>>> print(open('start.txt').read())   # compact mmCIF, C-alpha atoms
# COMPACT_ATOMS: atom_id res chain seq x y z
CA MET A 80 301.66 36.88 -70.51
CA ALA A 81 298.90 39.32 -71.18
CA GLY A 82 297.00 41.08 -68.49
CA LYS A 83 293.85 43.12 -68.22
CA GLN A 84 295.89 46.25 -68.92
CA ASP A 85 296.69 44.77 -72.38
CA THR A 86 293.02 44.33 -73.31
CA LEU A 87 292.19 45.90 -76.66
CA THR A 88 290.12 49.06 -76.42
CA PRO A 89 287.31 49.59 -78.94
CA GLU A 90 289.53 52.06 -80.82
CA ARG A 91 292.42 49.61 -80.88
CA ILE A 92 290.12 46.80 -82.06
CA GLU A 93 289.12 48.99 -85.03
CA ALA A 94 292.79 49.63 -85.85
CA VAL A 95 293.68 45.93 -85.56
CA LEU A 96 290.80 44.92 -87.82
CA ALA A 97 291.75 47.58 -90.36
CA ALA A 98 295.25 46.10 -90.51
CA LEU A 99 294.01 42.49 -90.48
CA PRO A 100 291.10 42.22 -92.92
CA ASP A 101 290.95 38.41 -92.51
CA TRP A 102 289.81 38.84 -88.91
CA GLN A 103 286.63 39.97 -87.16
CA TYR A 104 285.87 40.80 -83.55
CA ARG A 105 283.24 38.44 -82.16
CA LEU A 106 282.30 37.44 -78.63
CA GLY A 107 285.26 39.25 -77.13
CA GLY A 108 287.85 37.64 -79.39
CA LEU A 109 289.52 37.84 -82.78
CA VAL A 110 288.07 35.25 -85.16
CA ALA A 111 288.82 34.14 -88.71
CA VAL A 112 287.94 31.33 -91.07
CA TYR A 113 290.33 30.23 -93.80
CA LYS A 114 289.35 28.10 -96.78
CA THR A 115 291.93 25.92 -98.47
CA PRO A 116 291.72 23.96 -101.74
CA THR A 117 291.82 20.58 -99.96
CA ALA A 118 291.61 18.97 -96.55
CA ALA A 119 295.33 18.25 -96.75
CA ALA A 120 296.03 21.94 -97.31
CA ALA A 121 293.87 22.76 -94.27
CA LEU A 122 296.05 20.42 -92.23
CA GLU A 123 299.15 22.24 -93.49
CA LEU A 124 297.64 25.50 -92.23
CA ILE A 125 296.80 23.88 -88.89
CA ALA A 126 300.41 22.68 -88.61
CA ALA A 127 301.65 26.21 -89.34
CA VAL A 128 299.30 27.64 -86.70
CA GLY A 129 300.58 25.02 -84.26
CA ARG A 130 304.19 26.01 -84.87
CA LEU A 131 303.33 29.68 -84.35
CA ALA A 132 301.40 28.86 -81.19
CA GLU A 133 304.37 27.02 -79.74
CA GLU A 134 306.79 29.82 -80.70
CA GLN A 135 304.52 32.46 -79.17
CA ASN A 136 303.31 30.30 -76.27
CA HIS A 137 299.83 31.46 -77.21
CA HIS A 138 297.32 28.98 -78.56
CA PRO A 139 294.07 29.74 -80.40
CA ASP A 140 290.82 27.84 -80.25
CA LEU A 141 290.80 25.95 -83.53
CA ASP A 142 288.18 23.96 -85.40
CA TRP A 143 288.81 22.05 -88.63
CA ARG A 144 285.99 21.32 -91.06
CA TYR A 145 287.29 19.57 -94.22
CA ASN A 146 288.86 22.49 -96.09
CA ARG A 147 288.06 25.24 -93.58
CA VAL A 148 289.99 26.22 -90.48
CA HIS A 149 288.17 28.28 -87.86
CA LEU A 150 290.34 30.23 -85.39
CA ARG A 151 289.61 32.32 -82.32
CA TYR A 152 292.11 34.22 -80.22
CA THR A 153 291.45 35.48 -76.70
CA SER A 154 293.69 35.72 -73.65
CA HIS A 155 292.60 33.66 -70.67
CA ASP A 156 294.88 35.64 -68.37
CA ALA A 157 292.99 38.81 -69.40
CA GLY A 158 289.60 37.39 -68.52
CA GLY A 159 288.97 35.88 -71.95
CA LYS A 160 289.25 39.21 -73.72
CA ALA A 161 291.30 40.11 -76.79
CA THR A 162 294.73 41.61 -76.13
CA GLU A 163 297.72 42.91 -78.03
CA ARG A 164 299.12 39.40 -77.82
CA ASP A 165 296.08 38.11 -79.71
CA ALA A 166 296.50 40.80 -82.36
CA ALA A 167 300.14 39.80 -82.89
CA ALA A 168 299.21 36.12 -83.10
CA ALA A 169 296.42 36.87 -85.60
CA ALA A 170 298.86 38.83 -87.77
CA ALA A 171 301.27 35.89 -87.79
CA VAL A 172 298.48 33.49 -88.75
CA SER A 173 297.36 35.80 -91.57
CA ALA A 174 300.89 35.79 -92.97
CA ALA A 175 301.11 32.00 -92.75
CA ALA A 176 297.71 31.59 -94.40
CA ALA A 177 298.76 33.88 -97.25
CA ARG A 178 301.97 31.87 -97.78
CA LEU A 179 299.91 28.68 -97.97
CA GLY A 180 297.31 30.14 -100.33
CA ALA A 181 294.44 29.95 -97.83
CA ALA A 182 291.62 32.41 -98.46
CA ALA A 183 289.81 34.19 -95.65
CA GLN A 184 286.08 33.54 -95.56
CA PRO A 185 283.39 35.57 -93.84
CA VAL A 186 282.78 34.36 -90.31
CA ALA A 187 279.39 32.67 -90.04
>>> encode(input="start.txt", output="structure tokens")
Amino acid sequence: MAGKQDTLTPERIEAVLAALPDWQYRLGGLVAVYKTPTAAAALELIAAVGRLAEEQNHHPDLDWRYNRVHLRYTSHDAGGKATERDAAAAAAVSAAAARLGAAAQPVA
């Protein structure tokens, strides 16, 4: 479990985002949108995110819109702020998205 001591500092957020170009920091969390060629491919990405979430016992907010998957990571046990746990989960999702051929899109 994350705690307030694990909350990402502004400097650490910059470092995380430099290492994870698919992600942005918005409203206290790490957010990304992935575009896939089809709705079925988006569901494959959602399934991969679900497997990762179960393995990590850390679940993102997720929204599916046809061929786009919107994700947001925060840690409820850290007051809804982004933590190192969120950064690790985002990195795992980026790797899964790359394997599935999903392309990061700018966050609207």
>>> closest_residue(input="start.txt", among="A:Ala127, A:His149, A:Gly108, A:Gln135", to="Val186 of chain A", atoms="all atoms listed in the file")
A:His149
>>> atom_distance(input="start.txt", atom1="atom CA of Ile92 of chain A", atom2="atom CA of Leu179 of chain A")
26.0 Å
>>> residues_around(input="start.txt", residues="Pro185 of chain A", least_positions_apart="5", cutoff="12 Å", atoms="all atoms listed in the file", output="VMD selection string")
chain A and resid 100 to 104 110 to 114 147 to 149
>>> atom_distance(input="start.txt", atom1="atom CA of Tyr145 of chain A", atom2="atom CA of Ala181 of chain A")
13.1 Å
>>> closest_residue(input="start.txt", among="A:His137, A:Arg91, A:Arg105, A:Arg130", to="Ala175 of chain A", atoms="only C-alpha atoms")
A:Arg130
>>> decode(input="start.txt", residues="chain A", atoms="C-alpha atoms", output="tab-separated table (two decimals), in the first residue's frame")
chain	number	residue	atom	x	y	z
A	80	MET	CA	0.00	0.00	0.00
A	81	ALA	CA	1.11	3.51	-0.70
A	82	GLY	CA	1.10	6.23	1.87
A	83	LYS	CA	1.44	9.96	1.92
A	84	GLN	CA	5.20	9.55	2.28
A	85	ASP	CA	5.20	7.87	-1.17
A	86	THR	CA	3.50	10.83	-2.88
A	87	LEU	CA	5.42	12.02	-5.93
A	88	THR	CA	7.19	15.32	-5.48
A	89	PRO	CA	7.14	17.84	-8.33
A	90	GLU	CA	10.73	16.86	-9.19
A	91	ARG	CA	9.86	13.17	-9.18
A	92	ILE	CA	6.78	13.80	-11.34
A	93	GLU	CA	9.04	15.44	-13.94
A	94	ALA	CA	11.38	12.44	-13.87
A	95	VAL	CA	8.49	9.97	-14.17
A	96	LEU	CA	7.01	11.85	-17.11
A	97	ALA	CA	10.39	12.04	-18.82
A	98	ALA	CA	10.65	8.24	-18.57
A	99	LEU	CA	6.99	7.67	-19.52
A	100	PRO	CA	6.18	9.91	-22.49
A	101	ASP	CA	2.72	8.32	-22.90
A	102	TRP	CA	1.63	9.83	-19.59
A	103	GLN	CA	0.77	13.30	-18.31
A	104	TYR	CA	0.18	14.66	-14.83
A	105	ARG	CA	-3.34	16.00	-14.50
A	106	LEU	CA	-5.57	16.67	-11.50
A	107	GLY	CA	-3.15	15.01	-9.11
A	108	GLY	CA	-2.82	11.79	-11.09
A	109	LEU	CA	-1.02	10.13	-13.97
A	110	VAL	CA	-3.23	10.01	-17.07
A	111	ALA	CA	-2.90	8.54	-20.54
A	112	VAL	CA	-5.07	7.82	-23.56
A	113	TYR	CA	-4.26	4.97	-25.92
A	114	LYS	CA	-5.70	4.60	-29.41
A	115	THR	CA	-6.03	1.18	-30.97
A	116	PRO	CA	-6.92	0.18	-34.54
A	117	THR	CA	-10.28	-1.32	-33.51
A	118	ALA	CA	-12.68	-1.59	-30.60
A	119	ALA	CA	-11.66	-5.23	-30.20
A	120	ALA	CA	-8.02	-4.19	-29.85
A	121	ALA	CA	-9.07	-1.65	-27.20
A	122	LEU	CA	-10.71	-4.48	-25.28
A	123	GLU	CA	-7.47	-6.48	-25.51
A	124	LEU	CA	-5.65	-3.53	-23.94
A	125	ILE	CA	-8.30	-3.26	-21.23
A	126	ALA	CA	-7.88	-6.98	-20.49
A	127	ALA	CA	-4.10	-6.50	-20.23
A	128	VAL	CA	-4.59	-3.55	-17.87
A	129	GLY	CA	-6.96	-5.68	-15.81
A	130	ARG	CA	-4.41	-8.46	-15.49
A	131	LEU	CA	-1.75	-5.96	-14.41
A	132	ALA	CA	-4.13	-4.38	-11.93
A	133	GLU	CA	-4.84	-7.73	-10.32
A	134	GLU	CA	-1.14	-8.65	-10.20
A	135	GLN	CA	-0.25	-5.30	-8.64
A	136	ASN	CA	-3.41	-4.99	-6.54
A	137	HIS	CA	-3.64	-1.45	-7.89
A	138	HIS	CA	-6.48	-0.50	-10.19
A	139	PRO	CA	-6.71	2.57	-12.43
A	140	ASP	CA	-9.78	4.57	-13.32
A	141	LEU	CA	-10.53	3.44	-16.86
A	142	ASP	CA	-12.85	4.68	-19.58
A	143	TRP	CA	-13.36	2.97	-22.94
A	144	ARG	CA	-14.54	4.92	-25.97
A	145	TYR	CA	-14.64	2.70	-29.10
A	146	ASN	CA	-10.94	2.50	-29.99
A	147	ARG	CA	-9.59	4.68	-27.18
A	148	VAL	CA	-8.76	3.70	-23.62
A	149	HIS	CA	-8.46	6.47	-21.05
A	150	LEU	CA	-6.53	5.67	-17.86
A	151	ARG	CA	-5.87	7.54	-14.64
A	152	TYR	CA	-3.73	6.38	-11.74
A	153	THR	CA	-3.88	7.84	-8.24
A	154	SER	CA	-3.54	6.24	-4.82
A	155	HIS	CA	-6.59	6.50	-2.60
A	156	ASP	CA	-4.53	5.59	0.46
A	157	ALA	CA	-2.33	8.63	-0.25
A	158	GLY	CA	-5.23	11.05	-0.37
A	159	GLY	CA	-5.88	10.61	-4.09
A	160	LYS	CA	-2.41	11.76	-5.06
A	161	ALA	CA	0.07	10.11	-7.41
A	162	THR	CA	2.65	7.83	-5.80
A	163	GLU	CA	5.57	5.63	-6.77
A	164	ARG	CA	3.08	2.79	-7.00
A	165	ASP	CA	1.18	4.73	-9.67
A	166	ALA	CA	4.40	5.38	-11.59
A	167	ALA	CA	5.23	1.66	-11.58
A	168	ALA	CA	1.72	0.76	-12.71
A	169	ALA	CA	1.85	3.35	-15.51
A	170	ALA	CA	5.17	1.93	-16.71
A	171	ALA	CA	3.67	-1.56	-16.85
A	172	VAL	CA	0.66	-0.29	-18.81
A	173	SER	CA	2.95	1.53	-21.27
A	174	ALA	CA	4.82	-1.71	-21.91
A	175	ALA	CA	1.59	-3.64	-22.42
A	176	ALA	CA	0.23	-0.96	-24.77
A	177	ALA	CA	3.43	-1.07	-26.82
A	178	ARG	CA	3.20	-4.87	-27.11
A	179	LEU	CA	-0.38	-4.55	-28.35
A	180	GLY	CA	0.42	-1.78	-30.83
A	181	ALA	CA	-1.65	0.87	-29.04
A	182	ALA	CA	-0.56	4.45	-29.69
A	183	ALA	CA	-0.55	7.11	-27.00
A	184	GLN	CA	-2.73	10.11	-27.78
A	185	PRO	CA	-2.60	13.56	-26.25
A	186	VAL	CA	-4.86	13.83	-23.23
A	187	ALA	CA	-7.83	16.08	-23.99
